[in-house]
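Student: Quick one, protein_37.tsv (TSV, C-alpha atoms and all ligand atoms):
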```
chain	number	residue	atom	x	y	z
A	1	MET	CA	15.11	12.81	1.98
A	2	VAL	CA	15.59	9.60	3.90
A	3	ASN	CA	17.44	9.87	7.25
A	4	THR	CA	21.02	8.80	6.59
A	5	ASN	CA	21.19	6.80	9.84
A	6	LEU	CA	18.16	4.77	8.86
A	7	HIS	CA	18.29	0.99	9.12
A	8	LEU	CA	15.73	-0.60	6.83
A	9	ILE	CA	14.75	-4.26	6.70
A	10	ILE	CA	13.01	-5.25	3.47
A	11	SER	CA	10.93	-8.42	3.08
A	12	GLY	CA	10.51	-9.06	-0.64
A	13	PHE	CA	14.10	-7.75	-0.99
A	14	SER	CA	14.68	-9.44	-4.39
A	15	GLY	CA	11.21	-8.79	-5.80
A	16	LYS	CA	10.23	-6.03	-8.20
A	17	MET	CA	9.26	-3.62	-5.41
A	18	GLY	CA	12.20	-4.56	-3.20
A	19	LYS	CA	14.60	-3.80	-6.09
A	20	CYS	CA	12.86	-0.53	-6.80
A	21	ILE	CA	13.17	0.65	-3.19
A	22	ARG	CA	16.87	-0.30	-3.13
A	23	THR	CA	17.45	1.62	-6.38
A	24	LEU	CA	15.86	4.75	-4.90
A	25	LEU	CA	18.09	4.42	-1.82
A	26	ALA	CA	21.26	3.64	-3.77
A	27	ASP	CA	22.70	7.15	-3.42
A	28	THR	CA	21.88	7.51	0.28
A	29	SER	CA	23.77	6.08	3.22
A	30	ALA	CA	20.71	4.22	4.54
A	31	HIS	CA	21.57	0.69	5.71
A	32	ILE	CA	19.41	-1.89	3.96
A	33	TYR	CA	18.99	-5.51	5.05
A	34	ASP	CA	17.26	-8.48	3.43
A	35	ALA	CA	14.69	-9.84	5.92
A	36	HIS	CA	15.90	-13.37	5.06
A	37	HIS	CA	19.35	-12.64	6.57
A	38	CYS	CA	18.41	-10.35	9.40
A	39	LEU	CA	17.54	-12.46	12.40
A	40	GLY	CA	20.13	-10.95	14.77
A	41	ASP	CA	20.19	-7.50	16.37
A	42	CYS	CA	19.83	-4.47	14.09
A	43	LEU	CA	20.85	-0.90	14.86
A	44	GLN	CA	18.29	1.87	15.42
A	45	PRO	CA	16.40	3.69	14.04
A	46	LEU	CA	14.91	0.64	12.39
A	47	VAL	CA	11.93	0.42	10.03
A	48	TRP	CA	10.60	-2.76	8.38
A	49	VAL	CA	9.20	-2.49	4.83
A	50	ASP	CA	7.22	-5.39	3.41
A	51	PHE	CA	6.41	-5.93	-0.27
A	52	SER	CA	6.36	-9.72	-0.47
A	53	SER	CA	3.39	-12.08	-0.46
A	54	SER	CA	0.37	-12.83	1.71
A	55	ASN	CA	1.88	-16.35	2.06
A	56	ALA	CA	4.74	-14.84	4.03
A	57	PHE	CA	2.49	-12.69	6.22
A	58	GLU	CA	2.43	-14.68	9.49
A	59	GLN	CA	6.20	-15.19	9.52
A	60	ILE	CA	6.85	-11.54	8.77
A	61	LEU	CA	4.47	-10.35	11.48
A	62	GLU	CA	6.18	-12.56	14.04
A	63	ASN	CA	9.60	-11.17	13.09
A	64	VAL	CA	8.39	-7.55	13.08
A	65	ARG	CA	6.92	-8.18	16.55
A	66	LYS	CA	10.31	-9.41	17.77
A	67	LYS	CA	12.12	-6.37	16.34
A	68	ALA	CA	9.50	-4.04	17.92
A	69	CYS	CA	9.97	-1.57	15.06
A	70	PRO	CA	7.49	0.33	12.82
A	71	LEU	CA	6.16	-1.57	9.79
A	72	ILE	CA	5.41	-0.17	6.32
A	73	MET	CA	3.17	-2.82	4.78
A	74	GLY	CA	2.58	-2.86	1.02
A	75	THR	CA	1.69	-6.49	0.36
A	76	THR	CA	-1.82	-6.85	-1.06
A	77	GLY	CA	-4.30	-9.72	-1.12
A	78	LEU	CA	-4.38	-10.10	2.67
A	79	SER	CA	-7.27	-12.17	4.05
A	80	LYS	CA	-9.71	-10.78	6.62
A	81	ALA	CA	-7.96	-12.84	9.31
A	82	GLN	CA	-4.59	-11.39	8.28
A	83	MET	CA	-6.04	-7.86	8.39
A	84	ARG	CA	-7.22	-8.57	11.95
A	85	GLN	CA	-3.68	-9.66	12.85
A	86	LEU	CA	-2.32	-6.42	11.37
A	87	VAL	CA	-4.77	-4.42	13.51
A	88	TRP	CA	-3.61	-6.46	16.54
A	89	LEU	CA	0.03	-5.59	15.77
A	90	SER	CA	-0.86	-1.90	15.30
A	91	LYS	CA	-2.08	-1.77	18.91
A	92	ARG	CA	1.51	-2.48	19.96
A	93	GLN	CA	3.61	-1.00	17.11
A	94	ALA	CA	3.16	1.65	14.43
A	95	VAL	CA	1.95	0.29	11.07
A	96	VAL	CA	1.40	2.11	7.79
A	97	TYR	CA	-0.66	-0.13	5.52
A	98	ASP	CA	-1.96	0.83	2.09
A	99	SER	CA	-2.91	-1.17	-0.96
A	100	ASN	CA	-1.52	1.67	-3.08
A	101	PHE	CA	1.40	3.85	-2.00
A	102	SER	CA	1.35	6.11	-5.09
A	103	VAL	CA	0.48	9.76	-4.52
A	104	GLY	CA	-1.74	9.88	-7.62
A	105	ALA	CA	-3.92	6.93	-6.57
A	106	ASN	CA	-4.47	8.55	-3.18
A	107	ILE	CA	-5.57	11.78	-4.87
A	108	LEU	CA	-7.88	9.65	-7.04
A	109	LYS	CA	-9.46	8.26	-3.87
A	110	LYS	CA	-10.25	11.79	-2.66
A	111	LEU	CA	-11.68	12.86	-6.03
A	112	VAL	CA	-13.80	9.70	-6.21
A	113	CYS	CA	-15.20	10.43	-2.76
A	114	GLN	CA	-16.11	13.98	-3.86
A	115	ALA	CA	-17.70	12.80	-7.14
A	116	GLY	CA	-19.58	10.04	-5.32
A	117	VAL	CA	-21.27	12.60	-3.09
A	118	ALA	CA	-22.10	14.97	-5.96
A	119	LEU	CA	-23.29	12.31	-8.44
A	120	LYS	CA	-25.56	10.18	-6.27
A	121	ASN	CA	-27.88	9.26	-9.18
A	122	PHE	CA	-25.11	8.08	-11.49
A	123	SER	CA	-24.21	4.41	-11.69
A	124	VAL	CA	-20.56	3.60	-10.96
A	125	THR	CA	-18.19	1.05	-12.45
A	126	ILE	CA	-14.58	0.48	-11.42
A	127	PHE	CA	-12.06	-0.82	-13.96
A	128	GLU	CA	-8.59	-2.05	-13.00
A	129	ALA	CA	-5.79	-3.50	-15.15
A	130	HIS	CA	-2.49	-5.06	-14.05
A	131	HIS	CA	0.34	-7.28	-15.33
A	132	GLY	CA	-0.37	-10.99	-15.73
A	133	ALA	CA	1.77	-11.99	-12.72
A	134	LYS	CA	-0.37	-10.08	-10.22
A	135	LYS	CA	-1.82	-12.64	-7.81
A	136	ASP	CA	-4.82	-10.84	-6.29
A	137	GLN	CA	-7.93	-9.93	-8.31
A	138	PRO	CA	-9.61	-7.50	-8.00
A	139	SER	CA	-6.76	-5.31	-6.84
A	140	GLY	CA	-6.65	-3.96	-3.28
A	141	THR	CA	-6.90	-0.44	-4.70
A	142	ALA	CA	-10.09	-1.26	-6.62
A	143	LYS	CA	-11.60	-2.70	-3.44
A	144	SER	CA	-10.66	0.38	-1.43
A	145	LEU	CA	-12.13	2.68	-4.12
A	146	ARG	CA	-15.36	0.66	-3.88
A	147	GLN	CA	-15.25	1.02	-0.10
A	148	VAL	CA	-14.99	4.81	-0.47
A	149	LEU	CA	-18.15	4.80	-2.62
A	150	LEU	CA	-20.33	2.37	-0.72
A	151	SER	CA	-23.31	4.10	0.82
A	152	GLU	CA	-26.98	3.48	1.48
A	153	GLN	CA	-27.87	4.82	-1.95
A	154	ARG	CA	-25.18	2.92	-3.84
A	155	LYS	CA	-25.00	-0.77	-3.13
A	156	GLN	CA	-23.89	-2.19	-6.48
A	157	ILE	CA	-20.45	-1.20	-7.69
A	158	PRO	CA	-19.04	-3.73	-10.17
A	159	ILE	CA	-15.28	-4.09	-10.53
A	160	LEU	CA	-13.96	-5.16	-13.94
A	161	SER	CA	-10.43	-6.63	-13.94
A	162	LEU	CA	-7.92	-7.17	-16.72
A	163	ARG	CA	-4.64	-9.08	-16.34
A	164	GLY	CA	-2.03	-9.08	-19.08
A	165	GLY	CA	1.46	-8.27	-20.31
A	166	GLY	CA	3.46	-5.71	-18.36
A	167	ILE	CA	0.66	-3.30	-17.40
A	168	ARG	CA	2.03	-1.44	-14.36
A	169	GLY	CA	-1.40	-0.60	-12.94
A	170	GLU	CA	-4.48	1.33	-13.99
A	171	HIS	CA	-7.62	2.26	-12.06
A	172	SER	CA	-10.60	4.06	-13.55
A	173	VAL	CA	-13.84	5.00	-11.86
A	174	ILE	CA	-16.63	5.70	-14.33
A	175	PHE	CA	-19.72	7.64	-13.20
A	176	SER	CA	-22.48	7.10	-15.79
A	177	GLY	CA	-25.49	9.41	-15.93
A	178	MET	CA	-28.27	9.45	-18.54
A	179	ASP	CA	-26.71	12.26	-20.54
A	180	GLU	CA	-23.10	12.53	-19.36
A	181	ILE	CA	-20.20	10.39	-18.17
A	182	LEU	CA	-17.42	11.32	-15.78
A	183	SER	CA	-14.29	9.12	-15.84
A	184	LEU	CA	-11.52	9.46	-13.28
A	185	LYS	CA	-8.40	7.52	-14.17
A	186	HIS	CA	-5.00	6.88	-12.61
A	187	GLU	CA	-2.28	5.07	-14.51
A	188	VAL	CA	1.12	4.00	-13.24
A	189	LEU	CA	3.94	4.46	-15.78
A	190	ASP	CA	6.74	3.28	-13.49
A	191	ARG	CA	6.40	1.21	-10.29
A	192	LYS	CA	8.93	3.50	-8.63
A	193	VAL	CA	5.91	5.66	-7.65
A	194	PHE	CA	4.95	2.91	-5.14
A	195	ALA	CA	8.50	2.70	-3.84
A	196	GLN	CA	8.73	6.48	-3.51
A	197	GLY	CA	5.40	6.50	-1.61
A	198	ALA	CA	6.64	3.77	0.74
A	199	LEU	CA	9.75	5.87	1.42
A	200	TYR	CA	7.55	8.92	2.17
A	201	ALA	CA	5.82	6.67	4.72
A	202	VAL	CA	9.21	5.68	6.19
A	203	GLU	CA	10.19	9.36	6.55
A	204	TRP	CA	6.79	10.20	8.05
A	205	ILE	CA	6.95	7.46	10.66
A	206	MET	CA	10.50	8.40	11.64
A	207	ARG	CA	9.49	12.04	12.03
A	208	LYS	CA	6.23	11.38	13.92
A	209	LYS	CA	7.49	8.43	15.97
A	210	PRO	CA	4.04	7.14	16.95
A	211	SER	CA	4.37	4.41	19.59
A	212	HIS	CA	1.57	2.42	17.89
A	213	GLY	CA	-1.42	2.85	15.53
A	214	LEU	CA	-2.67	1.86	12.08
A	215	PHE	CA	-2.07	4.54	9.46
A	216	ASN	CA	-2.39	4.80	5.69
A	217	MET	CA	-1.08	6.98	2.85
A	218	GLN	CA	-3.81	9.56	3.42
A	219	ASP	CA	-2.29	10.13	6.89
A	220	VAL	CA	1.20	10.36	5.38
A	221	LEU	CA	0.15	12.81	2.66
A	222	GLU	CA	-1.90	15.01	4.97
A	223	ALA	CA	1.09	15.61	7.24
B	1	LIG	P1	7.40	-9.91	-6.79
B	1	LIG	O1	6.77	-11.22	-7.13
B	1	LIG	O2	8.27	-9.28	-7.81
B	1	LIG	O3	8.26	-10.05	-5.45
B	1	LIG	C1	7.79	-10.74	-4.33
B	1	LIG	C2	8.94	-10.95	-3.35
B	1	LIG	O4	8.42	-11.61	-2.18
B	1	LIG	C3	10.08	-11.81	-3.88
B	1	LIG	O5	11.31	-11.30	-3.38
B	1	LIG	C4	9.81	-13.19	-3.25
B	1	LIG	O6	11.00	-13.93	-3.03
B	1	LIG	C5	9.19	-12.79	-1.91
B	1	LIG	N1	8.29	-13.84	-1.40
B	1	LIG	C6	7.25	-14.41	-2.06
B	1	LIG	N2	6.67	-15.37	-1.30
B	1	LIG	C7	7.38	-15.39	-0.13
B	1	LIG	C8	7.28	-16.16	1.07
B	1	LIG	N3	6.31	-17.08	1.23
B	1	LIG	N4	8.17	-15.90	2.07
B	1	LIG	C9	9.14	-14.95	1.93
B	1	LIG	N5	9.27	-14.20	0.81
B	1	LIG	C10	8.40	-14.40	-0.20
B	1	LIG	O7	6.18	-8.94	-6.40
B	1	LIG	P2	6.17	-7.35	-6.31
B	1	LIG	O8	5.64	-6.80	-7.59
B	1	LIG	O9	7.45	-6.84	-5.79
B	1	LIG	O10	4.97	-7.14	-5.26
B	1	LIG	C11	5.05	-7.66	-3.95
B	1	LIG	C12	3.74	-7.36	-3.22
B	1	LIG	O11	3.55	-5.94	-3.14
B	1	LIG	C13	2.48	-7.93	-3.91
B	1	LIG	O12	1.54	-8.31	-2.91
B	1	LIG	C14	1.95	-6.72	-4.67
B	1	LIG	O13	0.56	-6.79	-4.95
B	1	LIG	C15	2.27	-5.62	-3.68
B	1	LIG	N6	2.36	-4.28	-4.25
B	1	LIG	C16	1.82	-3.30	-3.49
B	1	LIG	C17	1.92	-2.00	-3.90
B	1	LIG	C18	1.36	-0.91	-3.02
B	1	LIG	O14	1.43	0.28	-3.39
B	1	LIG	N7	0.82	-1.25	-1.86
B	1	LIG	C19	2.55	-1.68	-5.11
B	1	LIG	C20	3.11	-2.72	-5.85
B	1	LIG	C21	3.02	-4.03	-5.41
```
Could you write out this file's structure as structure tokens?
Tutor:
Amino acid sequence: MVNTNLHLIISGFSGKMGKCIRTLLADTSAHIYDAHHCLGDCLQPLVWVDFSSSNAFEQILENVRKKACPLIMGTTGLSKAQMRQLVWLSKRQAVVYDSNFSVGANILKKLVCQAGVALKNFSVTIFEAHHGAKKDQPSGTAKSLRQVLLSEQRKQIPILSLRGGGIRGEHSVIFSGMDEILSLKHEVLDRKVFAQGALYAVEWIMRKKPSHGLFNMQDVLEA
């Protein structure tokens, strides 16, 4: 349950994720502000949640720095330089960054890690599908699943991407052996799972109150 005194700034306020977060908070007394109209002082405790665009990244980082508050960062498609800036910020303020805030996708990551160790001789393919308006390809989640699997023994892990219609988000990791196939799949039915995950991260950061550090959903879910 979100702290009723919470003050939350959302960048991407009017976007699909911004709307979803506001809907989940509708019955609470949390105070929610649109980042566009929040340049003055805000009351504490204050958390900034970003689900906008990598084009807005530098501006958002500068404003989060000025507010000196924790940041929950959901925007995907960040460049390597932008990731370095996020790491820089996390040495001064607490940041939770994850390319996928859903609980299921984070469990998938753990299962994939386990299967990757057990099935070293199997070849691996990652498949991801999203709605046609998604800007980054392959998805951040597919890239982080590949990162989990990369090892000395496994250098080639192709990612197949599909963009179309209103697909909320699907990730499958297929382990192919000579005589058997293991497929691990996560499918989003409603994007509120991302919003709910981001709010778990908000609760976690308010409870833990780290002065700085870069965290992800695995940290949030392990707590
Ligand atoms: P959307 O297109 O519906 O909304 C984007 C919002 O950002 C809009 O309010 C838009 O006005 C704002 N915006 C865009 N460019 C901007 C700029 N230059 N400056 C200021 N504001 C700007 O997108 P969405 O589906 O809500 O997704 C937003 C981001 O979150 C995307 O990067 C998406 O990939 C990511 N996402 C992450 C997760 C996760 O779990 N980490 C889940 C879903 C979406």
Student: Please work out which residues fall within 8 Å of (12.1, 6.1, 5.5), coordinates as given in the file, with all atoms listed in the file counting, and return them as a PyMOL selection string.
Tutor: chain A and resi 2-3+6+8+47+198-206
Student: Identify which of the residues A:Leu25, A:Ile126, A:Cys42, A:Ile72 lies closest to ligand LIG 1 (chain B), counting only C-alpha atoms and all ligand atoms when measuring atom-to-atom distances.
Tutor: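 Ranking A:Leu25, A:Ile126, A:Cys42, A:Ile72 by distance to ligand LIG 1 (chain B), first place goes to A:Ile72.
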Student: Can you work out which residues are within 7 Å of ligand LIG 1 (chain B), considering all atoms listed in the file, and then hand them over as a list in words?
Tutor: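 After applying the 7 Å limit, what remains is Ser11, Gly12, Phe13, Ser14, Gly15, Lys16, Met17, Gly18, Phe51, Ser52, Ser53, Ser54, Asn55, Ala56, Gly74, Thr75, Thr76, Gly77, Asp98, Ser99, Asn100, Phe101, Ser102, Lys134, Lys135, Asp136, Arg191 and Phe194 of chain A.
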Student: Between A:Val103, A:Leu149, A:Cys113, A:Ile32, which residue has the minimum interatomic distance to Gln218 in chain A, considering all atoms listed in the file?
Tutor: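 Ranked by minimum distance to Gln218 in chain A, first place goes to A:Val103.
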Student: Figure out the distance between CA of Gly197 in chain A and CA of Lys80 in chain A, please, to one decimal in Å.
Tutor: 24.4 Å
Student: Just how far from CA of Met217 in chain A is CA of Gly104 in chain A, in Å to one decimal?
Tutor: 10.9 Å
Student: Extract, using all atoms listed in the file, all DNA, RNA and protein residues at most 9 Å from Leu214 in chain A, discarding same-chain residues fewer than 2 positions from it, and format them as a list in words.
Tutor: Leu86, Val87, Leu89, Ser90, Lys91, Gln93, Ala94, Val95, Val96, Tyr97, His212 and Asn216 of chain A
Student: Report the distance between CA of Ala142 in chain A and CA of Ile60 in chain A in Å, rounded to one decimal place.
Tutor: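 Separation between CA of Ala142 in chain A and CA of Ile60 in chain A: 25.1 Å.
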Student: Within 10 Å of Leu182 in chain A, counting only C-alpha atoms, which residues show up once you throw out same-chain ones fewer than 3 positions away? Write them as a list in words, please.
Tutor: Ala115, Leu119, Phe122, Val124, Val173, Ile174, Phe175, Ser176, Gly177 and Lys185 of chain A
Student: Write a file of the just-selected residues containing C-alpha atoms, as an mmCIF file, keeping the file's coordinate frame.
Tutor:
```cif
data_model
loop_
_atom_site.group_PDB
_atom_site.id
_atom_site.type_symbol
_atom_site.label_atom_id
_atom_site.label_comp_id
_atom_site.auth_asym_id
_atom_site.auth_seq_id
_atom_site.Cartn_x
_atom_site.Cartn_y
_atom_site.Cartn_z
ATOM 1 C CA ALA A 115 -17.700 12.800 -7.140
ATOM 2 C CA LEU A 119 -23.290 12.310 -8.440
ATOM 3 C CA PHE A 122 -25.110 8.080 -11.490
ATOM 4 C CA VAL A 124 -20.560 3.600 -10.960
ATOM 5 C CA VAL A 173 -13.840 5.000 -11.860
ATOM 6 C CA ILE A 174 -16.630 5.700 -14.330
ATOM 7 C CA PHE A 175 -19.720 7.640 -13.200
ATOM 8 C CA SER A 176 -22.480 7.100 -15.790
ATOM 9 C CA GLY A 177 -25.490 9.410 -15.930
ATOM 10 C CA LYS A 185 -8.400 7.520 -14.170
#
```
Student: Nearest to Gln137 in chain A among A:Leu160, A:His186, A:Val117, A:Arg154, with distances taken over all atoms listed in the file: which residue is it?
Tutor: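 When distances to Gln137 in chain A are compared using all atoms listed in the file, the smallest one comes from A:Leu160.
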Student: Which polymer residues, protein or nucleic acid, are no farther than 7 Å from (16.4, 2.6, 15.2), counting all atoms listed in the file, as a compact mmCIF listing (two decimals) with C-alpha atoms, in the frame of the given file?
Tutor:
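That gives us selection-v5.txt:
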```txt
# COMPACT_ATOMS: atom_id res chain seq x y z
CA LEU A 6 18.16 4.77 8.86
CA HIS A 7 18.29 0.99 9.12
CA LEU A 43 20.85 -0.90 14.86
CA GLN A 44 18.29 1.87 15.42
CA PRO A 45 16.40 3.69 14.04
CA LEU A 46 14.91 0.64 12.39
```
Student: Using only C-alpha atoms, can you tell me which of A:Ala81, A:Ala195, A:Leu184, A:Ile107 comes closest to Val49 in chain A?
Tutor: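 For Val49 in chain A, the nearest of the given residues is A:Ala195.
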Student: Please list as a count of residues only every residue within 12 Å of Asp41 in chain A, counting only C-alpha atoms and excluding residues in the same chain fewer than 5 positions away.
Tutor: 9
Student: Which one of A:Lys208, A:Arg22, A:His37, A:Arg84 sits closest to Lys192 in chain A if you count all atoms listed in the file?
Tutor: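 Of all the options, A:Arg22 lies closest to Lys192 in chain A.
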Student: Edge lengths and centre in Å to one decimal, as lines of an AutoDock Vina configuration file, is what I'm after for the box along x, y and z that holds all listed atoms of range 70-74 of chain A once 3 Å is added on each side.
Tutor:
```
center_x = 5.0
center_y = -1.3
center_z = 6.9
size_x = 10.9
size_y = 9.2
size_z = 17.8
```
Student: Which residue out of A:Ile10, A:Val188, A:Ile167, A:Leu111 has the minimum interatomic distance to Leu71 in chain A when only C-alpha atoms are used?
Tutor: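 Among the listed residues, A:Ile10 lies closest to Leu71 in chain A.
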Student: Would you please take range 30-100 of chain A of the structure in the block above and write C-alpha atoms to a file as a CSV table (one decimal), in the first residue's frame?
Tutor:
```csv
chain,number,residue,atom,x,y,z
A,30,ALA,CA,-1.0,10.2,-2.7
A,31,HIS,CA,-0.2,13.6,-4.2
A,32,ILE,CA,0.6,13.3,-7.9
A,33,TYR,CA,2.3,15.9,-10.0
A,34,ASP,CA,3.0,16.2,-13.8
A,35,ALA,CA,6.7,16.8,-14.2
A,36,HIS,CA,5.8,19.4,-16.8
A,37,HIS,CA,4.2,21.6,-14.2
A,38,CYS,CA,6.4,20.9,-11.2
A,39,LEU,CA,9.3,23.2,-11.3
A,40,GLY,CA,8.7,24.8,-7.8
A,41,ASP,CA,9.2,23.3,-4.4
A,42,CYS,CA,7.4,20.0,-3.7
A,43,LEU,CA,6.6,18.5,-0.3
A,44,GLN,CA,8.4,15.5,1.1
A,45,PRO,CA,8.5,12.5,1.0
A,46,LEU,CA,9.0,12.9,-2.8
A,47,VAL,CA,9.7,10.3,-5.4
A,48,TRP,CA,10.1,10.8,-9.1
A,49,VAL,CA,8.8,8.2,-11.5
A,50,ASP,CA,9.8,8.3,-15.2
A,51,PHE,CA,8.0,6.5,-18.0
A,52,SER,CA,8.6,8.9,-20.9
A,53,SER,CA,11.2,8.8,-23.7
A,54,SER,CA,14.9,8.6,-24.0
A,55,ASN,CA,14.7,12.0,-25.8
A,56,ALA,CA,13.6,13.5,-22.6
A,57,PHE,CA,16.3,11.8,-20.5
A,58,GLU,CA,18.9,14.6,-20.1
A,59,GLN,CA,16.2,17.2,-19.1
A,60,ILE,CA,14.6,14.7,-16.6
A,61,LEU,CA,18.0,13.9,-15.0
A,62,GLU,CA,18.8,17.5,-14.5
A,63,ASN,CA,15.4,18.1,-12.8
A,64,VAL,CA,15.7,15.0,-10.6
A,65,ARG,CA,19.1,16.2,-9.6
A,66,LYS,CA,17.7,19.5,-8.5
A,67,LYS,CA,14.9,17.9,-6.5
A,68,ALA,CA,17.5,15.5,-4.8
A,69,CYS,CA,14.8,12.8,-4.6
A,70,PRO,CA,14.8,9.1,-5.4
A,71,LEU,CA,14.1,8.2,-9.1
A,72,ILE,CA,12.2,5.2,-10.4
A,73,MET,CA,13.2,4.9,-14.0
A,74,GLY,CA,11.2,2.8,-16.4
A,75,THR,CA,12.0,4.5,-19.8
A,76,THR,CA,13.7,2.0,-22.1
A,77,GLY,CA,16.0,2.5,-25.2
A,78,LEU,CA,18.6,4.5,-23.2
A,79,SER,CA,22.0,4.8,-25.0
A,80,LYS,CA,25.2,3.7,-23.3
A,81,ALA,CA,26.1,7.4,-22.6
A,82,GLN,CA,22.7,7.8,-20.9
A,83,MET,CA,23.2,4.7,-18.9
A,84,ARG,CA,26.5,6.2,-17.7
A,85,GLN,CA,24.7,9.4,-16.7
A,86,LEU,CA,22.2,7.3,-14.7
A,87,VAL,CA,25.1,5.5,-12.9
A,88,TRP,CA,26.6,9.0,-12.2
A,89,LEU,CA,23.2,10.1,-10.7
A,90,SER,CA,23.0,6.9,-8.6
A,91,LYS,CA,26.2,7.8,-6.8
A,92,ARG,CA,24.4,10.9,-5.4
A,93,GLN,CA,20.7,9.7,-5.3
A,94,ALA,CA,18.8,6.4,-5.1
A,95,VAL,CA,17.7,5.1,-8.5
A,96,VAL,CA,15.7,2.0,-9.3
A,97,TYR,CA,16.1,1.3,-13.0
A,98,ASP,CA,14.6,-1.7,-14.8
A,99,SER,CA,13.6,-2.4,-18.4
A,100,ASN,CA,10.7,-4.5,-17.1
```
